[in-house]
Amino acid sequence: ERADAHDLVDTPTRVLGLATRTALDTAELPLALRQLLGRCTIHSIPATTLSGRPNTGGDAPVEGVLEATVMRLRDPSGGAITVERPYLPFTPTEFARARALVDLDARLGPRVPRSQDVLTLPEGNEITVRRADGTDLAAARAMHDRCSDRTLALRYHGPVADADRYLGHLLSPRFGRTLAATTASGRLVALGHLLWDGDETEVALLIEDDWQRRGIGSELLRRLLAMAVEAGSDSVYAVTQASNTGMVAAMRGLGLPLDYQIEEGTLVITARLEPAKALRRPESGLRQEKKPVW
């Protein structure tokens, strides 16, 4: 396939750069593998399903498995990572490099950047936006309890009683990145997810009822798209319902080219990313104060 300037970089230098990114952030491992191996599809398969049953393909030997165009690696967080590249078999050298990145991730353990931004809403309240992970599970469940059935149904497109079952998956850095918005008292009031879906990227938002329509969703969405651009995604998609006017308005407010697909009330909105626009902060009533956390 056509090469670009990045392919001319010295391979050991490039791999060391990917190792550095992986060391800083657990969520970087799938992205580092994709950059290491070129155009491929990566799936993280949990050890168990959401119902708690063993997952088919959710296990791999410690040494991994290489089968021509497919490699399976043991996920340090549980389950397996499957990498597929149908157009070109993997080499033993590529397999060894991929295993080394996974081993680095396993040795370092879970890690998420802890920088945070403090935003002031138009009415004067302050909220803090930061990365979230599994340690936020209890706070996320408490937010679920405060959300109305309608809000949960718009977010999860299914039985409201099952919503909590998805949180462990959504907060895992292996499946993407999550942003949390918390109040000055520390209450979690919003979650934004950027989810790796094979070679595609999904974006999703959940805002507690009392904090909706204050600009929080739009701010989270803008930041998630900036992360998607940084990760090399060409587009992101959101799955919602046609009646979810808040999500539709937030996507339209990005100022990016959008494609709409609707079937039986389910709406899929795809935004084609333009780095200059996706990374630019739009005019809004929110003021930001950046506070690094050491």
# chains A, B, ... in the order shown; residues from 1 in each chain; ligands from 1

call {"tool": "closest_atom_pairs", "arguments": {"of": "region 214-277 of chain A", "to": "region 140-160 of chain A", "cutoff": "9 Å", "atoms": "only C-alpha atoms", "output": "CSV"}}
result
residue,atom,partner,partner_atom,distance
A:Val239,CA,A:Arg155,CA,8.5
A:Thr240,CA,A:Leu154,CA,6.4
A:Gln241,CA,A:Leu154,CA,6.3
A:Ser243,CA,A:Leu154,CA,8.3
A:Asn244,CA,A:Leu154,CA,6.6
A:Thr266,CA,A:His157,CA,8.4

call {"tool": "residues_around", "arguments": {"residues": "Ala184 (chain A)", "least_positions_apart": "2", "cutoff": "9 Å", "atoms": "only C-alpha atoms", "output": "ChimeraX atom specification"}}
result
/A:125-128,182,186-187

call {"tool": "residues_around", "arguments": {"residues": "Met71 (chain A)", "least_positions_apart": "2", "cutoff": "8 Å", "atoms": "only C-alpha atoms", "output": "list in words"}}
result
Gly64, Val65, Leu66, Glu67, Ala68, Thr69, Leu73, Thr82, Val83, Glu84, Phe90 and Phe95 of chain A

call {"tool": "write_last_selection", "arguments": {"atoms": "all heavy atoms", "output": "CSV table (one decimal), in the first residue's frame"}}
result
chain,number,residue,atom,x,y,z
A,64,GLY,N,0.8,-16.3,23.7
A,64,GLY,CA,0.1,-15.8,22.5
A,64,GLY,C,0.0,-16.9,21.4
A,64,GLY,O,0.6,-17.9,21.5
A,65,VAL,N,-0.7,-16.5,20.4
A,65,VAL,CA,-0.9,-17.5,19.3
A,65,VAL,C,-0.8,-16.7,18.0
A,65,VAL,O,-1.4,-15.6,17.8
A,65,VAL,CB,-2.3,-18.1,19.3
A,65,VAL,CG1,-2.5,-19.0,18.1
A,65,VAL,CG2,-2.5,-19.0,20.6
A,66,LEU,N,0.1,-17.2,17.1
A,66,LEU,CA,0.2,-16.6,15.7
A,66,LEU,C,-0.3,-17.5,14.7
A,66,LEU,O,0.3,-18.6,14.6
A,66,LEU,CB,1.7,-16.2,15.5
A,66,LEU,CG,2.0,-15.6,14.1
A,66,LEU,CD1,1.2,-14.4,13.8
A,66,LEU,CD2,3.5,-15.4,13.9
A,67,GLU,N,-1.3,-17.1,13.9
A,67,GLU,CA,-1.8,-18.0,12.9
A,67,GLU,C,-2.0,-17.2,11.6
A,67,GLU,O,-3.0,-16.6,11.3
A,67,GLU,CB,-3.2,-18.6,13.3
A,67,GLU,CG,-3.2,-19.4,14.5
A,67,GLU,CD,-4.5,-19.9,15.0
A,67,GLU,OE1,-5.5,-19.2,14.6
A,67,GLU,OE2,-4.6,-20.8,15.8
A,68,ALA,N,-0.9,-17.1,10.9
A,68,ALA,CA,-0.9,-16.4,9.6
A,68,ALA,C,-1.3,-14.9,9.7
A,68,ALA,O,-0.6,-14.0,10.2
A,68,ALA,CB,-1.7,-17.1,8.5
A,69,THR,N,-2.6,-14.6,9.4
A,69,THR,CA,-3.1,-13.3,9.4
A,69,THR,C,-3.8,-12.9,10.7
A,69,THR,O,-4.4,-11.8,10.8
A,69,THR,CB,-4.1,-13.0,8.2
A,69,THR,OG1,-5.2,-14.0,8.3
A,69,THR,CG2,-3.4,-13.3,6.9
A,73,LEU,N,-3.3,-12.4,21.7
A,73,LEU,CA,-2.5,-12.1,22.8
A,73,LEU,C,-3.3,-12.1,24.1
A,73,LEU,O,-4.4,-11.6,24.1
A,73,LEU,CB,-1.8,-10.8,22.5
A,73,LEU,CG,-1.0,-10.6,21.2
A,73,LEU,CD1,-0.7,-9.1,20.9
A,73,LEU,CD2,0.3,-11.4,21.3
A,82,THR,N,-7.3,-9.7,20.0
A,82,THR,CA,-7.2,-10.3,18.7
A,82,THR,C,-6.9,-9.3,17.7
A,82,THR,O,-7.5,-8.3,17.6
A,82,THR,CB,-8.5,-11.1,18.3
A,82,THR,OG1,-8.8,-12.1,19.3
A,82,THR,CG2,-8.4,-11.7,17.0
A,83,VAL,N,-5.8,-9.6,16.9
A,83,VAL,CA,-5.4,-8.7,15.8
A,83,VAL,C,-5.5,-9.4,14.5
A,83,VAL,O,-5.0,-10.5,14.3
A,83,VAL,CB,-3.9,-8.2,16.0
A,83,VAL,CG1,-3.6,-7.1,15.0
A,83,VAL,CG2,-3.7,-7.7,17.4
A,84,GLU,N,-6.2,-8.8,13.5
A,84,GLU,CA,-6.4,-9.4,12.2
A,84,GLU,C,-5.9,-8.5,11.1
A,84,GLU,O,-6.2,-7.3,11.1
A,84,GLU,CB,-7.9,-9.7,12.0
A,84,GLU,CG,-8.5,-10.7,13.0
A,84,GLU,CD,-10.0,-10.9,12.8
A,84,GLU,OE1,-10.4,-10.7,11.6
A,84,GLU,OE2,-10.7,-11.4,13.7
A,90,PHE,N,1.2,-11.9,9.3
A,90,PHE,CA,2.1,-11.3,10.3
A,90,PHE,C,3.4,-12.1,10.3
A,90,PHE,O,3.4,-13.3,10.1
A,90,PHE,CB,1.5,-11.4,11.7
A,90,PHE,CG,0.3,-10.5,11.9
A,90,PHE,CD1,-0.9,-11.0,12.1
A,90,PHE,CD2,0.4,-9.1,11.8
A,90,PHE,CE1,-2.0,-10.2,12.3
A,90,PHE,CE2,-0.7,-8.3,12.0
A,90,PHE,CZ,-1.9,-8.8,12.2
A,95,PHE,N,5.1,-10.3,15.5
A,95,PHE,CA,4.5,-11.0,16.7
A,95,PHE,C,5.3,-10.7,17.9
A,95,PHE,O,4.7,-10.4,19.0
A,95,PHE,CB,4.4,-12.5,16.4
A,95,PHE,CG,3.7,-13.3,17.4
A,95,PHE,CD1,2.5,-12.9,17.9
A,95,PHE,CD2,4.3,-14.4,17.9
A,95,PHE,CE1,1.8,-13.7,18.9
A,95,PHE,CE2,3.7,-15.2,18.9
A,95,PHE,CZ,2.5,-14.8,19.4

call {"tool": "residues_around", "arguments": {"residues": "region 227-231 of chain A", "least_positions_apart": "4", "cutoff": "12 Å", "atoms": "only C-alpha atoms", "output": "PyMOL selection string"}}
result
chain A and resi 21+27-35+131+176-179+192-196+199-203+220-223+235-237+271-280

call {"tool": "residues_around", "arguments": {"residues": "region 99-116 of chain A", "least_positions_apart": "2", "cutoff": "10 Å", "atoms": "only C-alpha atoms", "output": "number ranges by chain"}}
result
A: 15-16, 18-20, 22-30, 32-33, 36, 62-64, 71-77, 81, 93-97, 118-119, 128-134, 172-174, 177, 179-181, 289-294

call {"tool": "residues_around", "arguments": {"residues": "Arg214 (chain A)", "least_positions_apart": "4", "cutoff": "12 Å", "atoms": "only C-alpha atoms", "output": "tab-separated table (two decimals) with N, CA, C and O atoms, in the first residue's frame"}}
result
chain	number	residue	atom	x	y	z
A	119	LEU	N	-14.04	23.83	34.63
A	119	LEU	CA	-14.85	24.67	33.75
A	119	LEU	C	-15.91	25.38	34.57
A	119	LEU	O	-16.48	24.80	35.50
A	120	THR	N	-16.17	26.61	34.21
A	120	THR	CA	-17.22	27.38	34.87
A	120	THR	C	-18.42	27.47	33.95
A	120	THR	O	-18.32	27.96	32.82
A	121	LEU	N	-19.57	26.97	34.42
A	121	LEU	CA	-20.79	27.00	33.64
A	121	LEU	C	-21.36	28.42	33.60
A	121	LEU	O	-21.02	29.26	34.44
A	122	PRO	N	-22.24	28.72	32.64
A	122	PRO	CA	-22.80	30.06	32.53
A	122	PRO	C	-23.44	30.57	33.81
A	122	PRO	O	-23.39	31.76	34.11
A	123	GLU	N	-24.04	29.65	34.62
A	123	GLU	CA	-24.70	30.10	35.86
A	123	GLU	C	-23.72	30.25	37.01
A	123	GLU	O	-24.12	30.63	38.12
A	124	GLY	N	-22.44	29.93	36.77
A	124	GLY	CA	-21.43	30.15	37.80
A	124	GLY	C	-20.92	28.89	38.48
A	124	GLY	O	-19.92	28.95	39.20
A	125	ASN	N	-21.61	27.75	38.31
A	125	ASN	CA	-21.14	26.51	38.92
A	125	ASN	C	-19.88	26.01	38.23
A	125	ASN	O	-19.70	26.20	37.02
A	126	GLU	N	-19.01	25.39	39.00
A	126	GLU	CA	-17.79	24.81	38.45
A	126	GLU	C	-17.92	23.31	38.33
A	126	GLU	O	-18.48	22.64	39.20
A	127	ILE	N	-17.41	22.78	37.22
A	127	ILE	CA	-17.32	21.33	37.06
A	127	ILE	C	-15.88	21.00	36.66
A	127	ILE	O	-15.18	21.83	36.07
A	189	VAL	N	-21.49	13.71	37.45
A	189	VAL	CA	-22.77	14.09	36.84
A	189	VAL	C	-22.81	13.83	35.34
A	189	VAL	O	-23.87	13.99	34.71
A	190	ALA	N	-21.70	13.41	34.74
A	190	ALA	CA	-21.70	13.15	33.30
A	190	ALA	C	-20.53	12.24	32.94
A	190	ALA	O	-19.46	12.29	33.55
A	207	ILE	N	-25.57	12.26	30.50
A	207	ILE	CA	-25.60	13.45	31.36
A	207	ILE	C	-26.76	13.30	32.34
A	207	ILE	O	-27.90	13.03	31.93
A	208	GLU	N	-26.47	13.45	33.62
A	208	GLU	CA	-27.54	13.40	34.63
A	208	GLU	C	-28.60	14.44	34.33
A	208	GLU	O	-28.29	15.57	33.91
A	209	ASP	N	-29.88	14.11	34.56
A	209	ASP	CA	-31.00	14.96	34.16
A	209	ASP	C	-30.85	16.41	34.61
A	209	ASP	O	-31.05	17.34	33.81
A	210	ASP	N	-30.50	16.62	35.87
A	210	ASP	CA	-30.43	17.98	36.40
A	210	ASP	C	-29.30	18.81	35.80
A	210	ASP	O	-29.25	20.03	36.00
A	218	SER	N	-21.74	19.05	25.14
A	218	SER	CA	-20.99	19.58	24.00
A	218	SER	C	-19.50	19.67	24.31
A	218	SER	O	-18.65	19.39	23.46
A	219	GLU	N	-19.17	20.05	25.56
A	219	GLU	CA	-17.76	20.15	25.95
A	219	GLU	C	-17.11	18.77	25.98
A	219	GLU	O	-15.99	18.59	25.49
A	220	LEU	N	-17.80	17.78	26.53
A	220	LEU	CA	-17.26	16.42	26.55
A	220	LEU	C	-17.09	15.90	25.13
A	220	LEU	O	-16.06	15.27	24.80
A	246	GLY	N	-31.00	16.31	22.15
A	246	GLY	CA	-29.79	16.85	22.77
A	246	GLY	C	-28.54	16.32	22.09
A	246	GLY	O	-27.61	17.08	21.79
A	250	ALA	N	-25.84	18.37	19.78
A	250	ALA	CA	-24.41	18.39	20.14
A	250	ALA	C	-23.55	17.99	18.95
A	250	ALA	O	-22.50	18.59	18.70
A	284	SER	N	-18.31	29.37	23.50
A	284	SER	CA	-19.37	28.88	24.39
A	284	SER	C	-19.34	29.70	25.66
A	284	SER	O	-18.50	30.57	25.85
A	285	GLY	N	-20.31	29.39	26.52
A	285	GLY	CA	-20.38	30.13	27.77
A	285	GLY	C	-19.54	29.52	28.87
A	285	GLY	O	-19.59	29.98	30.01
A	286	LEU	N	-18.74	28.48	28.56
A	286	LEU	CA	-17.94	27.82	29.58
A	286	LEU	C	-16.54	28.42	29.60
A	286	LEU	O	-15.92	28.64	28.57

call {"tool": "select_by_dssp", "arguments": {"residues": "region 111-230 of chain A", "states": "alpha helix (DSSP H)", "output": "ChimeraX atom specification"}}
result
/A:137-146,149-156,167-170,216-230

call {"tool": "write_last_selection", "arguments": {"atoms": "C-alpha atoms", "output": "short mmCIF file (atom, residue, chain, number, x, y, z; two decimals), in the first residue's frame"}}
result
data_model
loop_
_atom_site.label_atom_id
_atom_site.label_comp_id
_atom_site.auth_asym_id
_atom_site.auth_seq_id
_atom_site.Cartn_x
_atom_site.Cartn_y
_atom_site.Cartn_z
CA LEU A 137 -17.53 2.52 38.96
CA ALA A 138 -19.36 3.20 42.26
CA ALA A 139 -19.83 6.90 41.42
CA ALA A 140 -21.08 6.00 37.93
CA ARG A 141 -23.63 3.58 39.38
CA ALA A 142 -24.80 6.27 41.80
CA MET A 143 -25.30 8.61 38.84
CA HIS A 144 -27.34 5.90 37.12
CA ASP A 145 -29.60 5.79 40.16
CA ARG A 146 -30.21 9.55 39.88
CA ASP A 149 -35.55 5.99 32.94
CA ARG A 150 -35.87 8.10 29.79
CA THR A 151 -32.28 9.37 30.04
CA LEU A 152 -30.93 5.84 30.53
CA ALA A 153 -33.09 4.47 27.71
CA LEU A 154 -31.82 7.14 25.30
CA ARG A 155 -28.23 6.24 26.20
CA TYR A 156 -28.35 2.42 26.24
CA LEU A 167 -20.42 0.27 33.11
CA GLY A 168 -17.48 -2.03 33.84
CA HIS A 169 -16.91 -2.45 30.11
CA LEU A 170 -17.31 1.26 29.37
CA ILE A 216 -21.50 19.87 29.49
CA GLY A 217 -22.34 17.35 26.77
CA SER A 218 -20.99 19.58 24.00
CA GLU A 219 -17.76 20.15 25.95
CA LEU A 220 -17.26 16.42 26.55
CA LEU A 221 -18.02 15.67 22.91
CA ARG A 222 -15.48 18.21 21.66
CA ARG A 223 -12.78 16.72 23.90
CA LEU A 224 -13.62 13.16 22.84
CA LEU A 225 -13.32 14.10 19.17
CA ALA A 226 -9.96 15.73 19.85
CA MET A 227 -8.86 12.40 21.37
CA ALA A 228 -10.16 10.58 18.30
CA VAL A 229 -8.11 12.84 16.02
CA GLU A 230 -5.05 12.23 18.19
#

call {"tool": "closest_residue", "arguments": {"among": "A:Arg39, A:Arg165, A:Arg53, A:Arg213", "to": "Ala3 (chain A)", "atoms": "only C-alpha atoms"}}
result
A:Arg39

call {"tool": "select_by_dssp", "arguments": {"residues": "region 89-164 of chain A", "states": "strand (DSSP E)", "output": "number ranges by chain"}}
result
A: 116-120, 126-132

call {"tool": "write_last_selection", "arguments": {"atoms": "C-alpha atoms", "output": "PDB file, in the first residue's frame"}}
result
ATOM      1  CA  GLN A 116      -7.943  17.774  34.880  1.00  0.00           C
ATOM      2  CA  ASP A 117      -9.659  20.960  33.719  1.00  0.00           C
ATOM      3  CA  VAL A 118     -12.022  23.105  35.774  1.00  0.00           C
ATOM      4  CA  LEU A 119     -14.847  24.666  33.753  1.00  0.00           C
ATOM      5  CA  THR A 120     -17.223  27.384  34.872  1.00  0.00           C
ATOM      6  CA  GLU A 126     -17.787  24.813  38.452  1.00  0.00           C
ATOM      7  CA  ILE A 127     -17.316  21.333  37.057  1.00  0.00           C
ATOM      8  CA  THR A 128     -14.117  19.341  36.688  1.00  0.00           C
ATOM      9  CA  VAL A 129     -13.450  17.293  33.545  1.00  0.00           C
ATOM     10  CA  ARG A 130     -10.946  14.443  33.859  1.00  0.00           C
ATOM     11  CA  ARG A 131     -10.219  10.957  32.618  1.00  0.00           C
ATOM     12  CA  ALA A 132     -12.189   8.170  34.301  1.00  0.00           C
TER      13      ALA A 132
END

call {"tool": "closest_residue", "arguments": {"among": "A:Arg2, A:Ala238, A:Ala204, A:Pro257", "to": "Ile269 (chain A)", "atoms": "only C-alpha atoms"}}
result
A:Ala238

call {"tool": "atom_distance", "arguments": {"atom1": "CA of Thr91 (chain A)", "atom2": "CA of Ile45 (chain A)"}}
result
22.8 Å

call {"tool": "atom_distance", "arguments": {"atom1": "CA of Arg85 (chain A)", "atom2": "CA of Ile42 (chain A)"}}
result
9.1 Å

call {"tool": "closest_residue", "arguments": {"among": "A:Val9, A:Asp197, A:Arg252, A:Thr135", "to": "Thr41 (chain A)", "atoms": "only C-alpha atoms"}}
result
A:Asp197

call {"tool": "closest_residue", "arguments": {"among": "A:Gly215, A:Pro61, A:Thr245, A:Pro86", "to": "Leu267 (chain A)", "atoms": "only C-alpha atoms"}}
result
A:Thr245
